[in-house]
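Shown below: start_22.cif, with mmCIF, C-alpha atoms (C1' of nucleotides).
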data_structure
loop_
_atom_site.label_atom_id
_atom_site.label_comp_id
_atom_site.auth_asym_id
_atom_site.auth_seq_id
_atom_site.Cartn_x
_atom_site.Cartn_y
_atom_site.Cartn_z
CA MET B 1 -210.71 -37.01 -112.30
CA VAL B 2 -208.97 -38.86 -115.07
CA ILE B 3 -209.87 -42.49 -115.41
CA PHE B 4 -206.90 -44.69 -116.14
CA ILE B 5 -207.61 -47.77 -118.10
CA ILE B 6 -205.32 -50.71 -117.65
CA ASN B 7 -204.82 -51.90 -121.21
CA MET B 8 -202.45 -54.59 -120.15
CA LYS B 9 -204.10 -57.94 -119.69
CA ILE B 10 -202.57 -59.95 -116.89
CA GLY B 11 -202.73 -63.70 -116.49
CA TYR B 12 -201.21 -66.93 -115.26
CA PRO B 13 -200.60 -70.35 -116.78
CA CYS B 14 -202.79 -73.41 -116.85
CA LEU B 15 -203.73 -73.91 -113.26
CA ASN B 16 -205.79 -72.13 -110.65
CA ARG B 17 -204.87 -73.04 -107.09
CA THR B 18 -207.87 -71.39 -105.45
CA LEU B 19 -210.41 -73.48 -107.27
CA ASN B 20 -210.46 -77.10 -106.39
CA CYS B 21 -210.17 -78.44 -109.91
CA THR B 22 -207.69 -78.97 -112.71
CA THR B 23 -207.92 -78.31 -116.42
CA GLY B 24 -205.24 -80.89 -117.09
CA SER B 25 -206.45 -84.03 -115.43
CA THR B 26 -204.87 -86.85 -117.33
CA PHE B 27 -204.44 -90.59 -117.00
CA ARG B 28 -201.90 -93.23 -117.85
CA LEU B 29 -201.50 -94.69 -121.26
CA LYS B 30 -201.85 -98.22 -119.97
CA ASN B 31 -205.28 -97.37 -118.57
CA TYR B 32 -206.41 -95.70 -121.76
CA SER B 33 -210.00 -96.18 -122.80
CA GLU B 34 -212.43 -94.03 -124.70
CA ALA B 35 -214.84 -93.97 -121.78
CA GLU B 36 -212.11 -92.75 -119.44
CA LEU B 37 -211.00 -90.21 -122.02
CA ILE B 38 -214.48 -88.73 -122.32
CA LYS B 39 -214.75 -88.50 -118.55
CA LYS B 40 -211.42 -86.68 -118.27
CA ILE B 41 -211.99 -84.26 -121.13
CA SER B 42 -215.39 -83.48 -119.73
CA SER B 43 -214.05 -82.65 -116.27
CA ASN B 44 -211.16 -80.67 -117.78
CA LEU B 45 -213.57 -78.53 -119.78
CA ILE B 46 -215.84 -77.93 -116.81
CA CYS B 47 -212.80 -76.78 -114.83
CA LEU B 48 -211.59 -74.58 -117.67
CA GLU B 49 -214.97 -72.90 -117.70
CA LYS B 50 -214.83 -72.36 -113.93
CA THR B 51 -211.31 -71.04 -114.16
CA LEU B 52 -212.23 -68.53 -116.85
CA GLU B 53 -215.20 -67.40 -114.77
CA PHE B 54 -212.88 -66.92 -111.78
CA ASN B 55 -210.55 -64.91 -114.00
CA LEU B 56 -213.34 -62.68 -115.21
CA GLU B 57 -214.56 -61.99 -111.67
CA ASN B 58 -211.02 -61.12 -110.64
CA GLY B 59 -209.99 -58.98 -113.58
CA LEU B 60 -207.52 -61.45 -115.06
CA PHE B 61 -207.98 -61.32 -118.82
CA PHE B 62 -205.06 -63.43 -119.98
CA PHE B 63 -204.88 -67.18 -119.56
CA ARG B 64 -202.69 -70.01 -120.79
CA ILE B 65 -204.67 -73.14 -121.49
CA SER B 66 -202.99 -76.35 -120.37
CA SER B 67 -201.56 -78.64 -123.03
CA ASP B 68 -203.10 -81.48 -121.04
CA LEU B 69 -206.66 -80.31 -121.73
CA ILE B 70 -207.15 -83.22 -124.11
CA PRO B 71 -205.12 -86.16 -122.76
CA PHE B 72 -202.94 -87.80 -125.44
CA GLY B 73 -204.08 -85.09 -127.80
CA SER B 74 -201.30 -85.82 -130.28
CA HIS B 75 -200.65 -89.44 -129.42
CA PRO B 76 -201.33 -92.20 -131.97
CA VAL B 77 -203.57 -93.96 -129.44
CA MET B 78 -206.05 -91.10 -129.78
CA LYS B 79 -208.56 -91.72 -132.51
CA PHE B 80 -211.49 -90.11 -130.79
CA ASN B 81 -213.11 -87.07 -132.40
CA TRP B 82 -213.23 -84.89 -129.31
CA GLN B 83 -213.81 -81.76 -131.33
CA GLU B 84 -217.12 -83.11 -132.55
CA TYR B 85 -218.15 -84.82 -129.32
CA PHE B 86 -217.53 -81.71 -127.20
CA LYS B 87 -218.54 -79.19 -129.82
CA ALA B 88 -221.22 -77.55 -127.66
CA GLU B 89 -218.90 -77.14 -124.66
CA LEU B 90 -215.99 -75.86 -126.75
CA THR B 91 -218.18 -73.40 -128.60
CA SER B 92 -219.61 -72.11 -125.36
CA ILE B 93 -216.18 -71.64 -123.75
CA GLY B 94 -214.94 -69.92 -126.89
CA ARG B 95 -217.91 -67.59 -126.86
CA PHE B 96 -217.23 -66.71 -123.23
CA ILE B 97 -213.60 -65.88 -124.05
CA LYS B 98 -214.54 -63.70 -127.01
CA LYS B 99 -217.41 -61.96 -125.28
CA ASN B 100 -215.12 -60.92 -122.45
CA GLN B 101 -212.20 -60.12 -124.75
CA MET B 102 -209.86 -62.51 -123.01
CA ARG B 103 -206.43 -63.27 -124.42
CA ILE B 104 -205.43 -66.90 -124.71
CA SER B 105 -202.09 -68.61 -125.17
CA MET B 106 -200.79 -72.15 -125.06
CA HIS B 107 -197.30 -73.48 -124.47
CA PRO B 108 -196.54 -76.82 -126.12
CA ASP B 109 -194.12 -78.50 -123.75
CA GLN B 110 -190.44 -79.29 -123.82
CA PHE B 111 -190.85 -82.22 -126.19
CA THR B 112 -191.91 -79.95 -129.00
CA LEU B 113 -188.69 -79.43 -130.92
CA ILE B 114 -189.07 -78.53 -134.53
CA ASN B 115 -185.31 -78.12 -134.88
CA ALA B 116 -184.55 -81.65 -133.65
CA VAL B 117 -181.93 -83.67 -135.54
CA ASN B 118 -184.08 -86.77 -135.21
CA LYS B 119 -186.85 -86.60 -137.83
CA LYS B 120 -189.25 -88.58 -135.68
CA ILE B 121 -189.04 -85.92 -132.97
CA VAL B 122 -189.80 -83.28 -135.58
CA ARG B 123 -192.80 -85.26 -136.83
CA ASN B 124 -194.12 -85.69 -133.29
CA SER B 125 -193.61 -81.99 -132.69
CA VAL B 126 -195.65 -81.08 -135.75
CA ARG B 127 -198.43 -83.35 -134.49
CA GLU B 128 -198.24 -81.61 -131.15
CA LEU B 129 -198.54 -78.20 -132.81
CA GLU B 130 -201.49 -79.42 -134.85
CA TYR B 131 -203.17 -80.57 -131.66
CA HIS B 132 -202.68 -77.20 -129.99
CA CYS B 133 -204.08 -75.49 -133.07
CA GLN B 134 -207.10 -77.75 -132.94
CA ILE B 135 -207.90 -76.56 -129.45
CA LEU B 136 -207.64 -72.89 -130.36
CA ASP B 137 -209.54 -73.48 -133.60
CA SER B 138 -212.28 -75.44 -131.86
CA LEU B 139 -212.77 -72.46 -129.53
CA ASP B 140 -213.05 -70.35 -132.69
CA LEU B 141 -210.39 -67.92 -131.50
CA ASP B 142 -208.69 -65.57 -133.93
CA LYS B 143 -204.98 -65.60 -134.76
CA SER B 144 -204.09 -63.49 -131.74
CA ALA B 145 -204.48 -66.66 -129.66
CA LYS B 146 -200.92 -67.95 -129.78
CA MET B 147 -198.87 -71.02 -129.09
CA GLN B 148 -195.37 -70.33 -127.86
CA ILE B 149 -192.36 -72.58 -128.17
CA HIS B 150 -188.63 -72.24 -127.70
CA ILE B 151 -186.22 -72.61 -130.59
CA GLY B 152 -185.24 -76.03 -129.27
CA GLY B 153 -181.99 -77.87 -128.71
CA VAL B 154 -178.50 -76.73 -129.68
CA TYR B 155 -177.17 -80.20 -130.52
CA GLY B 156 -173.59 -78.97 -130.30
CA ASP B 157 -173.96 -76.63 -133.28
CA LYS B 158 -176.12 -73.60 -132.73
CA LYS B 159 -175.79 -72.19 -136.23
CA ALA B 160 -176.90 -75.44 -137.86
CA SER B 161 -179.69 -75.82 -135.29
CA LYS B 162 -181.03 -72.36 -136.07
CA GLU B 163 -180.93 -73.13 -139.77
CA ARG B 164 -182.77 -76.37 -139.12
CA PHE B 165 -185.43 -74.43 -137.25
CA ILE B 166 -185.88 -72.06 -140.17
CA LYS B 167 -186.03 -74.88 -142.71
CA ASN B 168 -188.52 -76.94 -140.71
CA TYR B 169 -190.60 -73.86 -139.89
CA SER B 170 -190.96 -73.11 -143.60
CA ARG B 171 -192.62 -76.52 -144.04
CA LEU B 172 -195.29 -75.99 -141.40
CA SER B 173 -198.91 -75.48 -142.42
CA LEU B 174 -200.26 -71.95 -142.62
CA ASN B 175 -202.64 -72.74 -139.79
CA ILE B 176 -199.74 -73.47 -137.45
CA LYS B 177 -197.68 -70.53 -138.70
CA ASN B 178 -200.57 -68.20 -137.98
CA ARG B 179 -200.44 -69.11 -134.31
CA LEU B 180 -196.84 -69.99 -133.61
CA VAL B 181 -194.50 -67.60 -131.81
CA ILE B 182 -191.01 -68.14 -130.40
CA GLU B 183 -189.79 -67.26 -126.95
CA ASN B 184 -186.24 -66.49 -125.80
CA ASP B 185 -185.08 -69.13 -123.31
CA ASP B 186 -182.83 -68.97 -120.28
CA LYS B 187 -179.84 -70.95 -121.47
CA SER B 188 -179.64 -71.62 -125.18
CA TYR B 189 -181.36 -69.11 -127.43
CA SER B 190 -181.36 -65.44 -126.47
CA LEU B 191 -183.60 -62.69 -127.73
CA GLU B 192 -180.97 -61.88 -130.35
CA ASP B 193 -181.14 -65.48 -131.63
CA CYS B 194 -184.92 -65.24 -131.81
CA ILE B 195 -184.74 -61.94 -133.68
CA GLU B 196 -182.34 -63.46 -136.18
CA ILE B 197 -184.88 -66.21 -136.82
CA HIS B 198 -187.68 -63.67 -136.97
CA ASP B 199 -185.80 -61.76 -139.67
CA LYS B 200 -185.69 -64.88 -141.81
CA THR B 201 -189.18 -66.20 -141.12
CA GLY B 202 -191.39 -63.36 -139.89
CA ILE B 203 -192.33 -65.33 -136.79
CA PRO B 204 -193.28 -63.07 -133.84
CA VAL B 205 -191.02 -63.13 -130.80
CA LEU B 206 -192.55 -63.44 -127.35
CA PHE B 207 -190.25 -61.71 -124.90
CA ASP B 208 -189.54 -63.49 -121.64
CA PHE B 209 -188.27 -60.92 -119.16
CA PHE B 210 -186.80 -63.41 -116.70
CA HIS B 211 -185.12 -65.53 -119.36
CA HIS B 212 -183.60 -62.36 -120.71
CA GLU B 213 -182.10 -61.71 -117.29
CA CYS B 214 -180.57 -65.19 -117.39
CA LEU B 215 -179.31 -64.96 -120.97
CA ASN B 216 -178.90 -61.92 -123.21
CA ASN B 217 -176.61 -60.15 -125.60
CA GLY B 218 -176.52 -56.90 -123.68
CA ASP B 219 -179.85 -55.32 -124.56
CA VAL B 220 -181.39 -53.46 -121.64
CA PRO B 221 -184.99 -54.59 -120.95
CA LYS B 222 -186.51 -51.50 -122.50
CA LYS B 223 -184.67 -51.99 -125.76
CA ALA B 224 -185.40 -55.71 -125.71
CA LEU B 225 -189.13 -55.12 -125.19
CA GLU B 226 -189.17 -52.71 -128.07
CA THR B 227 -187.28 -55.06 -130.38
CA ALA B 228 -189.51 -58.04 -129.57
CA GLY B 229 -192.68 -55.94 -129.73
CA LYS B 230 -191.96 -54.90 -133.29
CA THR B 231 -192.04 -58.51 -134.48
CA TRP B 232 -195.81 -58.73 -133.86
CA ARG B 233 -198.10 -57.79 -136.72
CA LYS B 234 -201.58 -56.38 -136.28
CA LYS B 235 -203.32 -59.74 -136.73
CA ASP B 236 -201.02 -61.26 -134.08
CA GLY B 237 -202.53 -58.97 -131.48
CA ILE B 238 -200.79 -57.08 -128.72
CA PRO B 239 -197.34 -58.57 -127.99
CA MET B 240 -197.33 -61.17 -125.23
CA VAL B 241 -194.64 -60.99 -122.58
CA ASP B 242 -193.72 -63.61 -119.98
CA TYR B 243 -192.60 -62.46 -116.58
CA SER B 244 -191.01 -64.28 -113.66
CA SER B 245 -188.15 -63.86 -111.23
CA GLN B 246 -185.41 -66.02 -109.79
CA LYS B 247 -186.32 -68.34 -106.94
CA LYS B 248 -183.90 -67.57 -104.13
CA ASP B 249 -181.28 -70.15 -103.17
CA SER B 250 -182.30 -72.24 -106.13
CA ARG B 251 -180.57 -72.94 -109.39
CA LYS B 252 -180.48 -70.29 -112.02
CA GLY B 253 -183.64 -70.22 -114.08
CA SER B 254 -186.04 -71.68 -111.54
CA HIS B 255 -189.18 -69.66 -111.08
CA ALA B 256 -190.05 -67.87 -107.87
CA GLU B 257 -192.74 -69.22 -105.56
CA SER B 258 -194.43 -65.87 -105.22
CA LEU B 259 -194.28 -62.43 -106.74
CA ASP B 260 -191.17 -60.40 -105.89
CA LYS B 261 -192.82 -57.00 -105.59
CA LYS B 262 -189.71 -54.90 -105.97
CA HIS B 263 -188.55 -56.81 -109.02
CA PHE B 264 -192.00 -56.59 -110.56
CA VAL B 265 -192.34 -52.86 -110.00
CA LYS B 266 -189.01 -52.46 -111.77
CA PHE B 267 -190.43 -54.42 -114.66
CA LEU B 268 -193.51 -52.17 -114.73
CA THR B 269 -191.30 -49.11 -114.94
CA GLN B 270 -189.17 -50.54 -117.71
CA SER B 271 -192.17 -51.69 -119.73
CA SER B 272 -194.44 -48.69 -119.22
CA ASP B 273 -193.93 -47.38 -122.75
CA PHE B 274 -195.22 -50.53 -124.38
CA ASP B 275 -198.52 -52.18 -125.03
CA LEU B 276 -198.33 -55.77 -123.89
CA ASP B 277 -200.26 -58.66 -122.40
CA LEU B 278 -198.49 -60.14 -119.43
CA MET B 279 -198.18 -63.78 -118.40
CA LEU B 280 -196.94 -64.32 -114.85
CA GLU B 281 -195.01 -67.55 -114.61
CA ILE B 282 -194.93 -67.68 -110.83
CA LYS B 283 -195.61 -70.87 -108.96
CA ASP B 284 -198.46 -69.59 -106.86
CA LYS B 285 -200.26 -68.67 -110.07
CA GLU B 286 -203.41 -66.57 -109.71
CA LYS B 287 -202.31 -65.31 -106.30
CA SER B 288 -199.33 -63.54 -107.82
CA ALA B 289 -201.30 -62.50 -110.88
CA LEU B 290 -203.75 -60.71 -108.59
CA LYS B 291 -200.91 -59.02 -106.70
CA ALA B 292 -199.42 -57.96 -110.02
CA LEU B 293 -202.75 -56.59 -111.19
CA LYS B 294 -203.02 -54.49 -108.06
CA LEU B 295 -199.48 -53.17 -108.44
CA ALA B 296 -200.04 -52.37 -112.11
CA LYS B 297 -203.17 -50.38 -111.26
CA GLU B 298 -201.38 -48.45 -108.51
CA LYS B 299 -198.49 -47.75 -110.80
CA ARG B 300 -200.67 -46.34 -113.56
CA ARG B 301 -202.45 -44.15 -111.07
CA ALA B 302 -199.21 -42.83 -109.61
"C1'" DA I 303 -206.50 -92.45 -95.43
"C1'" DG I 304 -202.29 -91.09 -96.43
"C1'" DT I 305 -197.90 -91.52 -98.84
"C1'" DT I 306 -194.88 -92.46 -102.68
"C1'" DG I 307 -193.20 -93.39 -107.26
"C1'" DT I 308 -194.21 -92.77 -111.94
"C1'" DC I 309 -196.08 -90.78 -115.93
"C1'" DA I 310 -195.85 -90.23 -123.92
"C1'" DA I 311 -192.48 -87.35 -125.36
"C1'" DG I 312 -186.22 -84.00 -124.84
"C1'" DC I 313 -182.60 -81.12 -123.77
"C1'" DT I 314 -179.24 -78.69 -120.91
"C1'" DA I 315 -176.50 -77.44 -117.13
"C1'" DG I 316 -175.42 -78.24 -112.55
"C1'" DT I 317 -174.31 -81.65 -109.10
"C1'" DA E 318 -173.44 -90.53 -114.36
"C1'" DC E 319 -177.41 -88.62 -112.74
"C1'" DT E 320 -181.17 -85.48 -112.24
"C1'" DA E 321 -183.68 -80.91 -111.58
"C1'" DG E 322 -185.98 -77.87 -114.18
"C1'" DC E 323 -188.79 -76.62 -117.72
"C1'" DT E 324 -195.47 -74.28 -117.70
"C1'" DT E 325 -195.37 -78.84 -113.45
"C1'" DG E 326 -198.85 -82.04 -110.96
"C1'" DA E 327 -201.95 -85.69 -110.79
"C1'" DC E 328 -202.97 -90.13 -110.00
"C1'" DA E 329 -202.26 -95.17 -109.54
"C1'" DA E 330 -200.41 -98.17 -106.56
"C1'" DC E 331 -198.61 -98.78 -102.66
"C1'" DT E 332 -198.64 -98.76 -97.11
#

Can you dump the structure from the file as structure tokens?
Amino acid sequence: MVIFIINMKIGYPCLNRTLNCTTGSTFRLKNYSEAELIKKISSNLICLEKTLEFNLENGLFFFRISSDLIPFGSHPVMKFNWQEYFKAELTSIGRFIKKNQMRISMHPDQFTLINAVNKKIVRNSVRELEYHCQILDSLDLDKSAKMQIHIGGVYGDKKASKERFIKNYSRLSLNIKNRLVIENDDKSYSLEDCIEIHDKTGIPVLFDFFHHECLNNGDVPKKALETAGKTWRKKDGIPMVDYSSQKKDSRKGSHAESLDKKHFVKFLTQSSDFDLDLMLEIKDKEKSALKALKLAKEKRRA
DNA sequence: AGTTGTCAAGCTAGT
DNA sequence: ACTAGCTTGACAACT
């Protein structure tokens, strides 16, 4: 009897719907106080710990940590040294992740635009990236823990916007560069655009299977996976891939509520030649991740 | 107790 | 002109 090992780590973003807690409990700016902040961070970290324990018990070894873990993490109102205050908790969570060889990513949100025309938006974006780095650093994770962003806006001139990305990227700190990867999006920047930027910067490209279905330059998935995979160096870890499928009767690009088994099995077939860690961006989160894990196991055994 | 409108931040495409 | 959608809820402020 041959034992098949599932190399692929499977995960889901930010939120577990089975557990009755959230890792991104936030509060309003007008109610900001240090006492409230400490309370929220504390409950977020407790929930993160619970979520990771759930993941371990269920064989899910990939997780995206919510950008809301530290409320107002990059906002000027935040002067509190949370890294020091929660050092014990952060260290302990980081140790748990490393001990169990879990893969971690983060996804700075849609406001993070390093190719923005407006310099203030770029500055805020850099702060946001620094904040995300601080989380991953405070957990003492190596450089295979990534933060993924899209190229950004087009601003009516894609060529100039790509050049602005490259220029602004070159000014980022090494710490950010070590963790930053770019992801093809569903309407503006295709895999080919990302590869062009990779060629000029060396930045790894995280392949989004569903976005590629929405927007591509003709590469079949297999070729696309191969192309994106090659942009990851050894220290970046195994290439991360995002997976989702179209929500029926909804606008193009919206994510499905639950795993489309047939579509996913097709993905498994097309990706079977490659080493990758898989993030399932499906609305019912861990439920679909568990279904996917089961299907992946069956597939490997077949 | 349950419901609703709003939240730090931007962009794009569809309506 | 407006807004859903993005990784999308959570929570404060109302009934």

Open item on the list: Quick check on the file I pasted: which residues fall under the PyMOL selection byres ((chain E) within 10 of (chain B))? Write them as a list in words.
Closed with: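 With the PyMOL selection byres ((chain E) within 10 of (chain B)) on this model, the match is DA321, DG322, DC323, DT324, DT325, DG326, DA327, DC328 and DA329 of chain E.
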
Serialized selection, C-alpha atoms (C1' of nucleotides), as a short mmCIF file (atom, residue, chain, number, x, y, z; two decimals), keeping the file's coordinate frame:
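File produced: part-v8.cif:
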data_model
loop_
_atom_site.label_atom_id
_atom_site.label_comp_id
_atom_site.auth_asym_id
_atom_site.auth_seq_id
_atom_site.Cartn_x
_atom_site.Cartn_y
_atom_site.Cartn_z
"C1'" DA E 321 -183.68 -80.91 -111.58
"C1'" DG E 322 -185.98 -77.87 -114.18
"C1'" DC E 323 -188.79 -76.62 -117.72
"C1'" DT E 324 -195.47 -74.28 -117.70
"C1'" DT E 325 -195.37 -78.84 -113.45
"C1'" DG E 326 -198.85 -82.04 -110.96
"C1'" DA E 327 -201.95 -85.69 -110.79
"C1'" DC E 328 -202.97 -90.13 -110.00
"C1'" DA E 329 -202.26 -95.17 -109.54
#

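If you apply the PyMOL selection byres ((chain I and resi 304-315) around 6) to this structure, you end up with B:Phe111, B:Gly153, I:DA303, I:DG316.
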
Could you take the residues named above and write them with C-alpha atoms (C1' of nucleotides), as a tab-separated table (two decimals), in the frame of the given file?
chain	number	residue	atom	x	y	z
B	111	PHE	CA	-190.85	-82.22	-126.19
B	153	GLY	CA	-181.99	-77.87	-128.71
I	303	DA	C1'	-206.50	-92.45	-95.43
I	316	DG	C1'	-175.42	-78.24	-112.55

TODO: In the coordinate frame of the file, compute which residues have an atom within 12 Å of (-198.4, -68.0, -137.3) when using only C-alpha atoms (C1' of nucleotides), and state them as a PyMOL selection string.
DONE: chain B and resi 129+133+142-149+169-170+172-182+198+201-205+231-233+235-237

Written as a PDB file with C-alpha atoms, keeping the file's coordinate frame, which residues does the PyMOL selection byres ((chain B and resi 86-94) around 9) give for the file shown?
ATOM      1  CA  ILE B  41    -211.990 -84.260-121.130  1.00  0.00           C
ATOM      2  CA  SER B  42    -215.390 -83.480-119.730  1.00  0.00           C
ATOM      3  CA  LEU B  45    -213.570 -78.530-119.780  1.00  0.00           C
ATOM      4  CA  ILE B  46    -215.840 -77.930-116.810  1.00  0.00           C
ATOM      5  CA  LEU B  48    -211.590 -74.580-117.670  1.00  0.00           C
ATOM      6  CA  GLU B  49    -214.970 -72.900-117.700  1.00  0.00           C
ATOM      7  CA  LEU B  52    -212.230 -68.530-116.850  1.00  0.00           C
ATOM      8  CA  ASN B  81    -213.110 -87.070-132.400  1.00  0.00           C
ATOM      9  CA  TRP B  82    -213.230 -84.890-129.310  1.00  0.00           C
ATOM     10  CA  GLN B  83    -213.810 -81.760-131.330  1.00  0.00           C
ATOM     11  CA  GLU B  84    -217.120 -83.110-132.550  1.00  0.00           C
ATOM     12  CA  TYR B  85    -218.150 -84.820-129.320  1.00  0.00           C
ATOM     13  CA  ARG B  95    -217.910 -67.590-126.860  1.00  0.00           C
ATOM     14  CA  PHE B  96    -217.230 -66.710-123.230  1.00  0.00           C
ATOM     15  CA  ILE B  97    -213.600 -65.880-124.050  1.00  0.00           C
ATOM     16  CA  LYS B  98    -214.540 -63.700-127.010  1.00  0.00           C
ATOM     17  CA  LYS B  99    -217.410 -61.960-125.280  1.00  0.00           C
ATOM     18  CA  ILE B 135    -207.900 -76.560-129.450  1.00  0.00           C
ATOM     19  CA  LEU B 136    -207.640 -72.890-130.360  1.00  0.00           C
ATOM     20  CA  SER B 138    -212.280 -75.440-131.860  1.00  0.00           C
ATOM     21  CA  LEU B 139    -212.770 -72.460-129.530  1.00  0.00           C
ATOM     22  CA  ASP B 140    -213.050 -70.350-132.690  1.00  0.00           C
ATOM     23  CA  LEU B 141    -210.390 -67.920-131.500  1.00  0.00           C
TER      24      LEU B 141
END

Task: atom CA of Asp185 of chain B to atom CA of Lys234 of chain B, straight-line distance in Å - done: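 We find that atom CA of Lys234 of chain B and atom CA of Asp185 of chain B lie 24.6 Å from each other.
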
TODO: Give the answer as one residue: which of B:Lys294, B:Lys40, B:His75, B:Lys223 has the shortest atom-to-atom distance to chain I, using all atoms listed in the file?
DONE: B:His75
